[in-house]
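Notes follow the structure.
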Amino acid sequence: MTSFVDLHIANPALRERALELGFKKAFAPPSIALFKQSDLQKIKEAKRSAANESAGLCAVESADGELLRSAARRGVLVNPLLVRSFGFDEGLIRAVADAAAAGEASAFEIPLINFIRENEMRRAKLMAETRVFVKKCVKLRAPFALVSRAESGYDVKSPRECVAIGEMFGLSFEQSARALSGIGLV
């Protein structure tokens, strides 16, 4: 039996709700938006302050793929969904795969809230690009995790629902369950 972990809940007050739905653990790591090179310094500070409450995890996001490549070498959860054509950015995927192979706790986070809240056309495009992205991650052995990034009680989904969403990305049941287990990250 796999124990499921939600590695990123945006609202820490929802941890209890996630545990009620079947998650074994739920974390609310600090999230850092990267706009310029100097923002990379915030990662070290955030990881130090989050060491006790979120297992030292820190999440980063940016529309700049180069900043995310640099951040990946620092052992963080990388949200690629803001990068233009992220599904085709093999350099970003290789950066996370290389960092993970070197022993860093880097992985991609695929926030499910984006698929819940988007309108029909944007959601369809996002899902298609995520399918391509996930296939490349599997091929290049880049670790990734399905996370909720839940902001309200309506955004929290059960582990079975999250696994089903992972299957819509082309993953098998086992791959989806592994993406929700946090193996190697916590």
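Residue numbers start at 1 in each chain; chains themselves are named A, B, ... in the order of the structure tokens; ligands are numbered from 1 in the order shown.
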For stretch 51-146 of chain A against stretch 162-184 of chain A, with a cut-off of 6 Å and counting only C-alpha atoms, what is the closest atom pair and its distance in Å to one decimal for every residue that makes the cut, ordered by chain and number, as JSON lines?
{"residue": "A:Arg131", "atom": "CA", "partner": "A:Phe169", "partner_atom": "CA", "distance": 4.6}
{"residue": "A:Ala145", "atom": "CA", "partner": "A:Ala179", "partner_atom": "CA", "distance": 4.4}
{"residue": "A:Leu146", "atom": "CA", "partner": "A:Leu180", "partner_atom": "CA", "distance": 5.6}
Within 12 Å of A:Ala13 using only C-alpha atoms, minus same-chain residues under 3 positions, as an mmCIF file with N, CA and C atoms, in the first residue's frame:
data_model
loop_
_atom_site.group_PDB
_atom_site.id
_atom_site.type_symbol
_atom_site.label_atom_id
_atom_site.label_comp_id
_atom_site.auth_asym_id
_atom_site.auth_seq_id
_atom_site.Cartn_x
_atom_site.Cartn_y
_atom_site.Cartn_z
ATOM 1 N N ILE A 9 0.737 22.278 -0.404
ATOM 2 C CA ILE A 9 -0.580 22.869 -0.193
ATOM 3 C C ILE A 9 -0.333 24.349 0.025
ATOM 4 N N ALA A 10 -0.960 25.195 -0.773
ATOM 5 C CA ALA A 10 -0.705 26.633 -0.686
ATOM 6 C C ALA A 10 -1.248 27.226 0.615
ATOM 7 N N GLU A 16 -5.190 19.521 7.515
ATOM 8 C CA GLU A 16 -6.101 18.570 8.161
ATOM 9 C C GLU A 16 -7.082 17.983 7.159
ATOM 10 N N ARG A 17 -7.590 18.807 6.262
ATOM 11 C CA ARG A 17 -8.539 18.330 5.247
ATOM 12 C C ARG A 17 -7.862 17.296 4.348
ATOM 13 N N ALA A 18 -6.615 17.543 3.959
ATOM 14 C CA ALA A 18 -5.886 16.593 3.121
ATOM 15 C C ALA A 18 -5.669 15.272 3.856
ATOM 16 N N LEU A 19 -5.390 15.339 5.136
ATOM 17 C CA LEU A 19 -5.196 14.119 5.925
ATOM 18 C C LEU A 19 -6.503 13.338 6.036
ATOM 19 N N ALA A 26 1.037 16.225 4.575
ATOM 20 C CA ALA A 26 0.800 17.359 3.679
ATOM 21 C C ALA A 26 1.717 18.491 4.126
ATOM 22 N N PHE A 27 2.408 19.087 3.174
ATOM 23 C CA PHE A 27 3.365 20.140 3.466
ATOM 24 C C PHE A 27 2.924 21.454 2.822
ATOM 25 N N ALA A 28 3.349 22.530 3.428
ATOM 26 C CA ALA A 28 3.097 23.861 2.871
ATOM 27 C C ALA A 28 4.441 24.588 2.782
ATOM 28 N N ALA A 150 -3.468 23.575 -3.147
ATOM 29 C CA ALA A 150 -4.830 23.930 -2.747
ATOM 30 C C ALA A 150 -4.855 25.248 -1.980
ATOM 31 N N GLU A 151 -5.782 26.095 -2.363
ATOM 32 C CA GLU A 151 -5.964 27.380 -1.702
ATOM 33 C C GLU A 151 -7.261 27.429 -0.913
ATOM 34 N N SER A 152 -8.224 26.582 -1.272
ATOM 35 C CA SER A 152 -9.497 26.518 -0.543
ATOM 36 C C SER A 152 -9.873 25.047 -0.376
ATOM 37 N N GLY A 153 -10.877 24.801 0.437
ATOM 38 C CA GLY A 153 -11.327 23.436 0.676
ATOM 39 C C GLY A 153 -11.804 22.731 -0.577
ATOM 40 N N VAL A 156 -8.862 20.847 -2.577
ATOM 41 C CA VAL A 156 -8.236 19.645 -2.032
ATOM 42 C C VAL A 156 -8.938 18.432 -2.615
#
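Between A:Lys36 and the residues A:Ala71, A:Ala101, A:Val132, A:Val138, the shortest atom-to-atom distance, using only C-alpha atoms, involves A:Ala71.
Between A:Ala59 and the residues A:Leu140, A:Ala107, A:Leu82, A:Met127, the shortest atom-to-atom distance, using only C-alpha atoms, involves A:Ala107.
Within the 12 Å cut-off around A:Ala128, using only C-alpha atoms and omitting residues fewer than 4 positions from it on the same chain, the listed residues are Ser85, Phe86, Gly87, Phe88, Phe115, Met121, Arg122, Arg123, Ala124, Val132, Phe133, Val134, Lys135, Met168, Phe169 and Gly170 of chain A.
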Keeping only N, CA and C atoms, write the selected residues to a file as a PDB file, in the first residue's frame.
ATOM      1  N   SER A  85       5.869  27.140 -23.550  1.00  0.00           N
ATOM      2  CA  SER A  85       6.161  25.850 -24.191  1.00  0.00           C
ATOM      3  C   SER A  85       7.013  24.955 -23.290  1.00  0.00           C
ATOM      4  N   PHE A  86       6.625  24.853 -22.015  1.00  0.00           N
ATOM      5  CA  PHE A  86       7.403  24.073 -21.046  1.00  0.00           C
ATOM      6  C   PHE A  86       7.502  22.606 -21.443  1.00  0.00           C
ATOM      7  N   GLY A  87       6.521  22.086 -22.141  1.00  0.00           N
ATOM      8  CA  GLY A  87       6.540  20.685 -22.529  1.00  0.00           C
ATOM      9  C   GLY A  87       7.638  20.345 -23.508  1.00  0.00           C
ATOM     10  N   PHE A  88       8.166  21.346 -24.174  1.00  0.00           N
ATOM     11  CA  PHE A  88       9.185  21.111 -25.192  1.00  0.00           C
ATOM     12  C   PHE A  88      10.560  21.621 -24.757  1.00  0.00           C
ATOM     13  N   PHE A 115      -5.223  22.870 -13.377  1.00  0.00           N
ATOM     14  CA  PHE A 115      -6.139  22.126 -14.230  1.00  0.00           C
ATOM     15  C   PHE A 115      -7.579  22.232 -13.730  1.00  0.00           C
ATOM     16  N   MET A 121     -10.672  25.992 -22.881  1.00  0.00           N
ATOM     17  CA  MET A 121      -9.629  26.011 -23.919  1.00  0.00           C
ATOM     18  C   MET A 121      -8.227  25.997 -23.313  1.00  0.00           C
ATOM     19  N   ARG A 122      -8.007  26.805 -22.320  1.00  0.00           N
ATOM     20  CA  ARG A 122      -6.686  26.853 -21.688  1.00  0.00           C
ATOM     21  C   ARG A 122      -6.372  25.525 -21.003  1.00  0.00           C
ATOM     22  N   ARG A 123      -7.385  24.912 -20.381  1.00  0.00           N
ATOM     23  CA  ARG A 123      -7.184  23.629 -19.711  1.00  0.00           C
ATOM     24  C   ARG A 123      -6.788  22.544 -20.714  1.00  0.00           C
ATOM     25  N   ALA A 124      -7.456  22.510 -21.863  1.00  0.00           N
ATOM     26  CA  ALA A 124      -7.137  21.501 -22.879  1.00  0.00           C
ATOM     27  C   ALA A 124      -5.708  21.665 -23.376  1.00  0.00           C
ATOM     28  N   VAL A 132       2.940  15.813 -22.882  1.00  0.00           N
ATOM     29  CA  VAL A 132       4.249  15.778 -23.551  1.00  0.00           C
ATOM     30  C   VAL A 132       5.354  15.918 -22.516  1.00  0.00           C
ATOM     31  N   PHE A 133       5.181  16.859 -21.594  1.00  0.00           N
ATOM     32  CA  PHE A 133       6.173  17.131 -20.555  1.00  0.00           C
ATOM     33  C   PHE A 133       6.410  15.893 -19.686  1.00  0.00           C
ATOM     34  N   VAL A 134       5.332  15.260 -19.235  1.00  0.00           N
ATOM     35  CA  VAL A 134       5.444  14.096 -18.359  1.00  0.00           C
ATOM     36  C   VAL A 134       6.122  12.936 -19.085  1.00  0.00           C
ATOM     37  N   LYS A 135       5.798  12.735 -20.352  1.00  0.00           N
ATOM     38  CA  LYS A 135       6.454  11.677 -21.125  1.00  0.00           C
ATOM     39  C   LYS A 135       7.958  11.910 -21.195  1.00  0.00           C
ATOM     40  N   MET A 168      -4.617  10.721 -16.620  1.00  0.00           N
ATOM     41  CA  MET A 168      -5.007  11.517 -17.785  1.00  0.00           C
ATOM     42  C   MET A 168      -3.778  12.119 -18.468  1.00  0.00           C
ATOM     43  N   PHE A 169      -2.676  12.225 -17.762  1.00  0.00           N
ATOM     44  CA  PHE A 169      -1.424  12.720 -18.348  1.00  0.00           C
ATOM     45  C   PHE A 169      -0.654  11.605 -19.049  1.00  0.00           C
ATOM     46  N   GLY A 170      -1.210  10.412 -19.081  1.00  0.00           N
ATOM     47  CA  GLY A 170      -0.551   9.308 -19.760  1.00  0.00           C
ATOM     48  C   GLY A 170       0.269   8.419 -18.841  1.00  0.00           C
TER      49      GLY A 170
END
Inset, instruction - Check the DSSP output for the backbone and give back, as a ChimeraX atom specification, the residues of stretch 22-122 of chain A in alpha helix (DSSP H). - result: /A:41-49,65-72,90-101,113-117,120-122
Can you list, as a tab-separated table (two decimals) with C-alpha atoms, in the first residue's frame, every protein, DNA or RNA residue that comes within 9 Å of A:Asn114 when you count only C-alpha atoms, leaving out same-chain residues fewer than 6 positions away?
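Output file around.tsv follows:
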chain	number	residue	atom	x	y	z
A	81	LEU	CA	3.84	25.54	-15.96
A	123	ARG	CA	-7.18	23.63	-19.71
A	126	LEU	CA	-2.33	22.84	-20.64
A	148	SER	CA	-2.47	20.18	-5.12
A	149	ARG	CA	-1.39	23.75	-4.35
